[in-house]
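A.B. asks: I have a structure I would like to understand better, so I am pasting it below and will then ask my questions one at a time.
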4 protein chains.
Amino acid sequence: MALWGGRFAEDANKDVALFTESVSYDKRLYKYDIKGSKVHSAMLASCGIIPESTAKKIAVELDRIEKRIDSGDFTFTAELEDIHMHIESALIDALGDEGARVHTARSRNDQVNLDVRLYLRDEITSIIDGINDLMRALVDAADRHFGIILPGFTHLQHAQPVLFSHHLLAYVEMFARDAERLTDCRKRMNMLPLGAGALAGTTLPVNREYVCEKLGFDYVSRNSMDTVADRDFMCELLGGLSIFCMHVSRISEDIILWSSQEFGFIELGDAFCTGSSLMPQKKNPDIAEIARGKTGRVYGDLVAMLTLCKGLPLTYNRDLQEDKEPVFDAVDTVRMLLKVFPPMIATMSVNRDNMLASASDPALMATDVAEKLVELGVPFRHAHHRVGAFVKWCREHNCELNAVTLEEMQETIPEATEEFLNLFSPEDSVKRREITGATGPKNVSMQIDFWKKKLS
Amino acid sequence: MALWGGRFAEDANKDVALFTESVSYDKRLYKYDIKGSKVHSAMLASCGIIPESTAKKIAVELDRIEKRIDSGDFTFTAELEDIHMHIESALIDALGDEGARVHTARSRNDQVNLDVRLYLRDEITSIIDGINDLMRALVDAADRHFGIILPGFTHLQHAQPVLFSHHLLAYVEMFARDAERLTDCRKRMNMLPLGAGALAGTTLPVNREYVCEKLGFDYVSRNSMDTVADRDFMCELLGGLSIFCMHVSRISEDIILWSSQEFGFIELGDAFCTGSSLMPQKKNPDIAEIARGKTGRVYGDLVAMLTLCKGLPLTYNRDLQEDKEPVFDAVDTVRMLLKVFPPMIATMSVNRDNMLASASDPALMATDVAEKLVELGVPFRHAHHRVGAFVKWCREHNCELNAVTLEEMQETIPEATEEFLNLFSPEDSVKRREITGATGPKNVSMQIDFWKKKLS
Amino acid sequence: MALWGGRFAEDANKDVALFTESVSYDKRLYKYDIKGSKVHSAMLASCGIIPESTAKKIAVELDRIEKRIDSGDFTFTAELEDIHMHIESALIDALGDEGARVHTARSRNDQVNLDVRLYLRDEITSIIDGINDLMRALVDAADRHFGIILPGFTHLQHAQPVLFSHHLLAYVEMFARDAERLTDCRKRMNMLPLGAGALAGTTLPVNREYVCEKLGFDYVSRNSMDTVADRDFMCELLGGLSIFCMHVSRISEDIILWSSQEFGFIELGDAFCTGSSLMPQKKNPDIAEIARGKTGRVYGDLVAMLTLCKGLPLTYNRDLQEDKEPVFDAVDTVRMLLKVFPPMIATMSVNRDNMLASASDPALMATDVAEKLVELGVPFRHAHHRVGAFVKWCREHNCELNAVTLEEMQETIPEATEEFLNLFSPEDSVKRREITGATGPKNVSMQIDFWKKKLS
Amino acid sequence: MALWGGRFAEDANKDVALFTESVSYDKRLYKYDIKGSKVHSAMLASCGIIPESTAKKIAVELDRIEKRIDSGDFTFTAELEDIHMHIESALIDALGDEGARVHTARSRNDQVNLDVRLYLRDEITSIIDGINDLMRALVDAADRHFGIILPGFTHLQHAQPVLFSHHLLAYVEMFARDAERLTDCRKRMNMLPLGAGALAGTTLPVNREYVCEKLGFDYVSRNSMDTVADRDFMCELLGGLSIFCMHVSRISEDIILWSSQEFGFIELGDAFCTGSSLMPQKKNPDIAEIARGKTGRVYGDLVAMLTLCKGLPLTYNRDLQEDKEPVFDAVDTVRMLLKVFPPMIATMSVNRDNMLASASDPALMATDVAEKLVELGVPFRHAHHRVGAFVKWCREHNCELNAVTLEEMQETIPEATEEFLNLFSPEDSVKRREITGATGPKNVSMQIDFWKKKLS
């Protein structure tokens, strides 16, 4: 018979127990459940609701239960439904009547909300640490490979030469925003739900402010009905993790492209690749591929969460039990990604020659030519059109842009001078772009310093 | 060193092994992997590619491995990546060179595609059986509660009286479509992928038609590149399961509403409800709530799957390894739902009086009045407007529609006769609706017979 | 021939023009495009890149173009693709060579990013205003209906009595978090992208800081490649709007339930309901239903956005053109919701008697009985069990909890005293809950004041 | 005052009218609404419910209304809500009392369901035609480019050489499954909903079978409550279109990769590309990019639809009005895709030399070497390992696989013979793969013939 079973004439059907249990996945919350129960009991005692001596015994026994769970010496069973019931039940087994006092002035509705907030607070901190590691790996690579030039792409077409470091730092910017977004989310989630009871608070004279302070929350929730119904913090977290994974999918795409034989820009360490069961020559960038695939998984978690909250009346509905698996899955997924990505980035070797060869396509400097015309006073739109015509001329004459004579260039760009014939070096092109945020070496070097400092 | 590791200078990083392994979840395919390998080996022997005696030993040893896995006497390890490598490796451990012949003319790319098709074929069959059970439970309830009337709702507002059986049969229709949709999906998935190799087929003289026939597939895949890249059958299955879960969420919503104190239409068996840790009086329809919540989960699985396939170039990409968890999760979820729903429906007791009381609101018969006017030759739109005015009159006079005198009714409905005053019985209203598909008792009774026969 | 068409030998296919155009939806950005171009030209002049006189003429002509578009006197055509090309083209038509200077040191890649940021900055401000209106409507209703008691629900089952005002304020909390989340998003989006060029910056000596200040951005983007590839701010916004809509779907569900005949808790004004084409008596809470449905739409917009960004290599890819319609759709949807919800809330009349009758079910006070036992020293878990047994006893004896003698109560609750028989008033139950955040009248009244002040 | 407004004391609020109207998008159904109303009226007359002469006048006037809408000579207004009310209202304006008879025994609930089924039946037919066009374009290209070899990729790494035609036909397989899936969906949706009324049928003696036959439906719906609540056919259609778009995103990815300078495999016609506003040299494969992006849009439509149906109680709820925009959007999107893709495929020119050069990497023939060893009796797993070691040896000695002496090869592959040195031609490799479904020229040629016949 369940602890809540006083009014029930029949026990739960066995399949029902399996269908409704959550302990198989919420047991990961045990440390937080215990932490919360210890503070809760201490508060109850401090308010005279339970004896001080009881609160002390509860605290000691909870520590013992924590150690038993730590060591694997604790039996979980679907019949006891969830981690809360397991711990309360173990407490009652050990302490009898005194254990039976722990759940005073508390419902699982506010308890689980507390546990998950405590848990996610820690997880977010740890994920932000991991993101910083990843950013450091990228900044290190940007530093190590400083000076290497590759084509910048738009539409996966050669656009303009850029520093490889600049390309890597673009990802640093993305991940920095991710960390910032998660920080906002953590801040918003740092509110004490305990004391909301089932939905209406409690008639007992508890002290929520005490619990709030002891557990390091920023403030006490203001509305008990909202508190037990609220899963915003999970939705927001999943939103943030989805955007992070989207970034991971983009860097993965670049890594996969660069690793292809056609690009030949980089090679990953053997330890970060796998082979084929059939084709002996294969070495595949699996980490990046799986990471790209896992983006879908985290998006799916977000959709699961948003869907389950949709259209629920107030306050708590059991649907909300389904909140944990998507959040846990997303958190686990992101943590795994953060474990393998930084060392993988570190093993990346760069084929400087292939990158430069690709970037040396003189068509990449077409914009430089147009902007040179602007300097001579040609309106940009006309400059653009002339250089476009020049590109077309070269294509029709089957020659590269830098393989023409001045006279030939002047057929389409009358204003061209000798200087124009020397605009086709990718190194110079990069150096010409030193405005804030651009790919010029000085600017990029400054950015590397900026991030090094920030991340140290 | 992995079985495919000939060309590698370094072993995989330990975290990488954990990141890339799939055996923790694909081990559930072992029976299908073994079944496929047995037929594959027999085919290789029949084509003279490996000795007959080898094929026989492989078959015997595979059976032995299957029994070991059945009994839990088999060690799984992330280093061996997936179920295919575990079984091949165990085979080689047992048979040496002869075991090393099993993976001839085969890649994991076509092997996993085979395993999953074999597995899902069985799962779909089993899910369709479960849906039939659920339909039977609903038809039984429709039969048992025949004659009970409740209000039919649109916009969650009283619309017209209907038979409770008619309402239940509406869900039978939905689930019947689900079963049909899954049958189509199963048919489309029943194609042999093996022989596609990594992506280009094989240079060895295999006989795919032999394997096709032995494994009960309808036909051999026509294009090896498509075959190893194809996950349509998983997407389609997840689409079908999502629609099924949407239906489950709708019947769950009805059950939750009907179980509320305000409706008071039904009560579920104690064994299918749970209580509250705080509030001693609570008895909650948790199964229906969790089921409604699980809809989000399966939608999430669908989104995960579609997202991961998006934008992948041909052919196999490792992203596709992420296909299994969402599909397995959805299949497991649906199977659990199908285990608890039919018995829950069977425990449902009905409060006939409350249902009838709700359905006896005379406003529910307003359409009957309007249609009676149509019989007298009043154009429907005018009839509708007159009855609307009559409803407004009653509201303003704070009386029920059947608590007026004929003269009062004639103020807004001049054509009304004595007969009109007798149009407000829900039983008669239901009986007036005997056209095909409507809620009349003869029609519903015929539908019950139709489904009983179909489902027997 | 397109403005960028210098190198092209063929014009676009007509269907291609329709397929690739965006002006049909991005024309809504025209004011922002013009605002940006004016500041951009002024900056170009201040840096000596174009003549001061040209910048002035451009500014004047841009104002003229804005007025033409305002008044509908401007022709849009798929051939000119997008709003940027339309405005540049009109400028060139009017000013010739001088107009041809406006697009100097700028690409559509950074220009569209600028326009959308400027546009969304305004939209978010306006949405936050709308959310404040909605909160005010709820606080007003909480104030107006202060003192009314209804059952608080968990699992859509009666849980404990609560103040109707407390229930309404729960939604105020949710919407307050939404506004806060959007404020964070707005802050993060307030960064100048212009100057990133196509992806690498420009060779011309522009002054991004000038533009940043004039357009009221907080800072200049640090990495040009990230800048043109970044759509985080749209993803984050859609995430925030999805959570907002989820909240709207929950309040809508409550409104729909409360409006049902079975609940009979509220009635909405006629002007916020619609009728049926067939059933003359119907009055449906359509606004709430459509609002609940629109949640799906905004979730869909979020999924569209996340999916389209997934797996894109750096930097700009044309896929990103598909970013605008989901964002615009979500913004429009939310703004429409915010227009109709506050006045609808204002028309809501409350049926105090029905609410109180529902809340007077004595089973709702079961927790009060258990907590009274705690005050007497009974451990809560035992107290809970005793009251559960008492509930069961009452059910078996087919009587209400407050219709027993003390002796009968003592059969299951030995500690019960006379006082226990008086615990079943919902008014008293509410008053017993005055801890922070609970439903007690003092506490709720304080919350009403808190929000009034905050929202004034 | 709305046509249904008899009971209402107040008109709708103006914003409410805009919020609840659907005519701005459901007007596209007018032809189907008119078609349905004509058959409905004829049936009413044939059953003696309305006069024959009235039915005839209604039919004539409906034709007139259709022509007015065709020609743009018809005013739509939010006050009249939807297309049904517009047409009924126009009918009443023209015919007075006789027009007021058309809505007899019908509700908008079954009417809109009818209209959408009729509409989607046609759209699906047209989409399937479009898919056939696309398949024909691909088969034509496969035929035209027969014999060209490119590397087949797995993990975007060179795997084995394949015929370009084989690669193209892989997409034909995908699109063929799409067409089949849509055919199943069309078949399932071809059911008459009319006669279900609001939810319970009608008391009038209508003949649903008559309407069914005249409108070409396969059968009459069996349960009126299910009928008005059912949106499965839209969900299923969106599922099918999502899978189709996923395929489009994959072929788009290939096209984008192949068009990159690094691959240099194909070039699309100028008319199917666009340029850059800044970079004069750019020619971007925009169609393929936008198409890839539009996948997200259609996924979003699917999520919107599934979300909105989730958790709705029976029967019709106004949320369901939100069903149309996602379905219409997905249908329009797919039709646009089908307009531009076939001609774009037709313009694709192939750089045979670049493809062959890439496919000539001798590592691509590693599997051929391993399979040759199998022919000599070496167990495949050992063969694989030896060739892997050989690949590693070559890498370490910095030489290609076909640039070794026999002695060198024998260091890692002792069984190697002279013949082994000649296994590295991609043309021969392809020719060795003639099993069913493989890339061998005979097999591929047979497939081209198969599809040509099937699609003619």
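For the structure tokens, the naming scheme is as follows: chains receive sequential letters (A, B, ...) according to their order of presentation, residues are indexed from 1 within each chain, and ligands are indexed from 1 in presentation order.
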Find the residues near Ile69 (chain A): any atom within 12 Å, counting only C-alpha atoms, skip ones fewer than 2 places away on the same chain, and give them as a list of chain:residue names.

C.D. replies: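 Everything that qualifies: A:Lys27, A:Arg28, A:Leu29, A:Tyr30, A:Lys31, A:Ile34, A:Leu62, A:Asp63, A:Arg64, A:Ile65, A:Glu66, A:Lys67, A:Ser71, A:Gly72, A:Asp73, A:Phe74, A:Thr75, A:Phe76, A:Ile83, A:His86, A:Ile87, A:Ala90.
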
A.B. asks: Please identify every residue of chain C that has at least one atom no more than 6 Å from any atom of chain D, counting only C-alpha atoms, and report them as a PyMOL selection string.

C.D. replies: chain C and resi 4+10-13+107+270-271+275-278+286+289-290+293+296-297+300-301+303-304+307-308+318-319

A.B. asks: How about saving the chosen residues, N, CA, C and O atoms kept, as a short mmCIF file (atom, residue, chain, number, x, y, z; two decimals), in the first residue's frame?

C.D. replies:
```cif
data_model
loop_
_atom_site.label_atom_id
_atom_site.label_comp_id
_atom_site.auth_asym_id
_atom_site.auth_seq_id
_atom_site.Cartn_x
_atom_site.Cartn_y
_atom_site.Cartn_z
N TRP C 4 22.50 42.95 -58.75
CA TRP C 4 23.74 42.18 -58.54
C TRP C 4 24.13 41.38 -59.78
O TRP C 4 25.01 40.52 -59.72
N GLU C 10 22.16 35.02 -67.92
CA GLU C 10 20.71 34.82 -68.09
C GLU C 10 19.97 35.47 -66.93
O GLU C 10 20.44 35.47 -65.81
N ASP C 11 18.75 35.93 -67.22
CA ASP C 11 17.89 36.40 -66.15
C ASP C 11 17.30 35.21 -65.40
O ASP C 11 17.31 34.08 -65.90
N ALA C 12 16.79 35.50 -64.22
CA ALA C 12 16.17 34.44 -63.44
C ALA C 12 14.90 33.96 -64.14
O ALA C 12 14.17 34.73 -64.75
N ASN C 13 14.70 32.69 -64.03
CA ASN C 13 13.45 32.06 -64.45
C ASN C 13 12.32 32.70 -63.64
O ASN C 13 12.48 33.06 -62.48
N SER C 107 26.58 44.89 -47.16
CA SER C 107 26.03 43.76 -47.90
C SER C 107 24.60 43.57 -47.42
O SER C 107 24.24 44.01 -46.33
N ASP C 270 -20.89 38.57 -24.37
CA ASP C 270 -21.32 38.14 -25.69
C ASP C 270 -20.34 38.56 -26.78
O ASP C 270 -20.10 37.83 -27.74
N ALA C 271 -19.77 39.73 -26.61
CA ALA C 271 -18.89 40.25 -27.65
C ALA C 271 -17.60 39.44 -27.77
O ALA C 271 -16.85 39.59 -28.73
N GLY C 275 -21.42 32.07 -31.91
CA GLY C 275 -22.48 31.07 -31.90
C GLY C 275 -22.23 29.98 -32.92
O GLY C 275 -21.15 29.86 -33.48
N SER C 276 -23.24 29.17 -33.14
CA SER C 276 -23.15 28.02 -34.03
C SER C 276 -24.01 28.24 -35.24
O SER C 276 -25.10 28.83 -35.15
N SER C 277 -23.57 27.74 -36.38
CA SER C 277 -24.38 27.86 -37.60
C SER C 277 -25.58 26.93 -37.55
O SER C 277 -26.55 27.13 -38.24
N LEU C 278 -25.52 25.90 -36.72
CA LEU C 278 -26.61 24.93 -36.65
C LEU C 278 -27.40 25.03 -35.36
O LEU C 278 -28.62 25.00 -35.36
N ASP C 286 -14.87 31.11 -27.95
CA ASP C 286 -13.98 30.92 -29.10
C ASP C 286 -12.62 31.55 -28.93
O ASP C 286 -11.61 31.02 -29.40
N GLU C 289 -10.46 29.30 -27.10
CA GLU C 289 -10.12 28.11 -27.88
C GLU C 289 -9.11 28.42 -28.98
O GLU C 289 -8.13 27.70 -29.16
N ILE C 290 -9.39 29.48 -29.73
CA ILE C 290 -8.45 29.82 -30.81
C ILE C 290 -7.08 30.14 -30.21
O ILE C 290 -6.05 29.74 -30.76
N GLY C 293 -5.36 27.06 -29.53
CA GLY C 293 -4.88 26.50 -30.79
C GLY C 293 -3.65 27.23 -31.33
O GLY C 293 -2.75 26.62 -31.89
N GLY C 296 -0.02 26.11 -30.78
CA GLY C 296 0.60 25.17 -31.72
C GLY C 296 1.31 25.91 -32.83
O GLY C 296 2.42 25.54 -33.24
N ARG C 297 0.69 26.94 -33.28
CA ARG C 297 1.24 27.73 -34.37
C ARG C 297 2.60 28.34 -34.00
O ARG C 297 3.56 28.28 -34.77
N GLY C 300 5.16 25.78 -33.72
CA GLY C 300 5.57 25.42 -35.08
C GLY C 300 6.57 26.42 -35.64
O GLY C 300 7.54 26.06 -36.30
N ASP C 301 6.35 27.69 -35.33
CA ASP C 301 7.30 28.71 -35.78
C ASP C 301 8.68 28.48 -35.17
O ASP C 301 9.70 28.61 -35.84
N VAL C 303 9.92 25.62 -34.10
CA VAL C 303 10.52 24.43 -34.72
C VAL C 303 11.03 24.75 -36.11
O VAL C 303 12.13 24.31 -36.50
N ALA C 304 10.27 25.53 -36.87
CA ALA C 304 10.70 25.91 -38.20
C ALA C 304 12.06 26.61 -38.13
O ALA C 304 12.99 26.31 -38.89
N THR C 307 14.93 24.31 -36.92
CA THR C 307 15.26 23.33 -37.96
C THR C 307 16.06 23.97 -39.07
O THR C 307 17.02 23.39 -39.57
N LEU C 308 15.66 25.18 -39.44
CA LEU C 308 16.33 25.76 -40.61
C LEU C 308 17.77 26.13 -40.29
O LEU C 308 18.63 26.08 -41.17
N ARG C 318 21.43 30.92 -47.82
CA ARG C 318 20.14 31.50 -48.23
C ARG C 318 18.97 30.88 -47.46
O ARG C 318 17.89 31.46 -47.42
N ASP C 319 19.19 29.69 -46.87
CA ASP C 319 18.16 29.11 -46.01
C ASP C 319 17.65 30.15 -45.03
O ASP C 319 16.47 30.16 -44.65
#
```

A.B. asks: Which value, in Å to one decimal, gives the distance between CA of Leu338 (chain D) and CA of Val162 (chain D)?

C.D. replies: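 Between CA of Leu338 (chain D) and CA of Val162 (chain D) the gap works out to 27.0 Å.
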
A.B. asks: What's around region 41-54 of chain A at 7 Å? Count only C-alpha atoms, leave out sequence neighbours fewer than 3 positions away in its own chain, and write the answer as a list in words.

C.D. replies: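 After dropping sequence-adjacent residues, the list is Ser37, Lys38, Lys57, Ile58, Glu98, Val102, Pro205, Val206, Asn207, Tyr210 and Val211 of chain A.
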
A.B. asks: As a ChimeraX atom specification, please: the residues near region 410-412 of chain A (cut-off 10 Å, only C-alpha atoms, same-chain neighbours under 3 positions excluded).

C.D. replies: /A:385-393,404-407,415-417

A.B. asks: Produce a file of the selected residues containing N, CA, C and O atoms, as a tab-separated table (two decimals), in the first residue's frame.

C.D. replies:
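Final output, saved to selection_28.tsv:
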```
chain	number	residue	atom	x	y	z
A	385	HIS	N	28.79	46.49	-60.62
A	385	HIS	CA	28.36	46.02	-61.93
A	385	HIS	C	29.57	45.83	-62.85
A	385	HIS	O	29.64	44.85	-63.60
A	386	ARG	N	30.51	46.76	-62.78
A	386	ARG	CA	31.71	46.63	-63.64
A	386	ARG	C	32.51	45.38	-63.29
A	386	ARG	O	32.93	44.64	-64.17
A	387	VAL	N	32.69	45.17	-62.01
A	387	VAL	CA	33.47	43.98	-61.63
A	387	VAL	C	32.70	42.72	-62.01
A	387	VAL	O	33.29	41.72	-62.44
A	388	GLY	N	31.36	42.76	-61.88
A	388	GLY	CA	30.56	41.63	-62.33
A	388	GLY	C	30.79	41.34	-63.80
A	388	GLY	O	30.97	40.18	-64.21
A	389	ALA	N	30.80	42.40	-64.57
A	389	ALA	CA	31.04	42.23	-66.01
A	389	ALA	C	32.45	41.68	-66.26
A	389	ALA	O	32.66	40.85	-67.16
A	390	PHE	N	33.37	42.12	-65.46
A	390	PHE	CA	34.75	41.63	-65.57
A	390	PHE	C	34.82	40.12	-65.27
A	390	PHE	O	35.47	39.34	-65.98
A	391	VAL	N	34.11	39.70	-64.20
A	391	VAL	CA	34.07	38.27	-63.86
A	391	VAL	C	33.49	37.48	-65.03
A	391	VAL	O	34.02	36.43	-65.43
A	392	LYS	N	32.44	38.01	-65.61
A	392	LYS	CA	31.79	37.33	-66.74
A	392	LYS	C	32.76	37.25	-67.93
A	392	LYS	O	32.88	36.20	-68.58
A	393	TRP	N	33.45	38.33	-68.18
A	393	TRP	CA	34.43	38.37	-69.27
A	393	TRP	C	35.48	37.27	-69.06
A	393	TRP	O	35.82	36.52	-69.98
A	404	VAL	N	44.90	38.56	-66.46
A	404	VAL	CA	44.54	39.44	-67.57
A	404	VAL	C	45.55	40.60	-67.63
A	404	VAL	O	46.24	40.88	-66.65
A	405	THR	N	45.58	41.22	-68.76
A	405	THR	CA	46.39	42.44	-68.87
A	405	THR	C	45.53	43.61	-68.41
A	405	THR	O	44.30	43.49	-68.31
A	406	LEU	N	46.19	44.73	-68.18
A	406	LEU	CA	45.44	45.91	-67.77
A	406	LEU	C	44.43	46.30	-68.85
A	406	LEU	O	43.30	46.67	-68.58
A	407	GLU	N	44.86	46.18	-70.11
A	407	GLU	CA	43.96	46.54	-71.21
A	407	GLU	C	42.72	45.66	-71.19
A	407	GLU	O	41.59	46.12	-71.39
A	415	GLU	N	38.16	52.35	-65.34
A	415	GLU	CA	38.94	53.10	-64.36
A	415	GLU	C	40.15	52.33	-63.84
A	415	GLU	O	40.94	52.86	-63.05
A	416	ALA	N	40.29	51.06	-64.21
A	416	ALA	CA	41.35	50.23	-63.64
A	416	ALA	C	42.73	50.78	-63.93
A	416	ALA	O	42.98	51.33	-64.99
A	417	THR	N	43.62	50.67	-62.95
A	417	THR	CA	45.02	51.07	-63.13
A	417	THR	C	45.89	49.86	-62.81
A	417	THR	O	45.39	48.82	-62.38
```

A.B. asks: Work out how far CA of Tyr316 (chain C) is from CA of Asp140 (chain A), in Å to one decimal.

C.D. replies: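 The value is 25.0 Å.
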
A.B. asks: Please measure the separation of CA of Leu156 (chain A) and CA of Phe450 (chain A), giving the value in Å to one decimal.

C.D. replies: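 Atom-to-atom, CA of Leu156 (chain A) and CA of Phe450 (chain A) are spaced 29.2 Å apart.
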
A.B. asks: From a DSSP pass on the backbone, collect the residues of region 366-439 of chain B flagged as alpha helix (DSSP H) and hand them back as a PyMOL selection string.

C.D. replies: chain B and resi 366-375+380-396+406-412+426-431

A.B. asks: Which of region 89-171 of chain A counts as strand (DSSP E or B) under DSSP, as a list of chain:residue names please?

C.D. replies: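 Of region 89-171 of chain A, only A:Ile149, A:Leu150, A:Pro151, A:Gly152, A:Phe153, A:Thr154, A:Gln157, A:His158, A:Ala159, A:Gln160, A:Pro161, A:Val162, A:Leu163 fall in strand (DSSP E or B).
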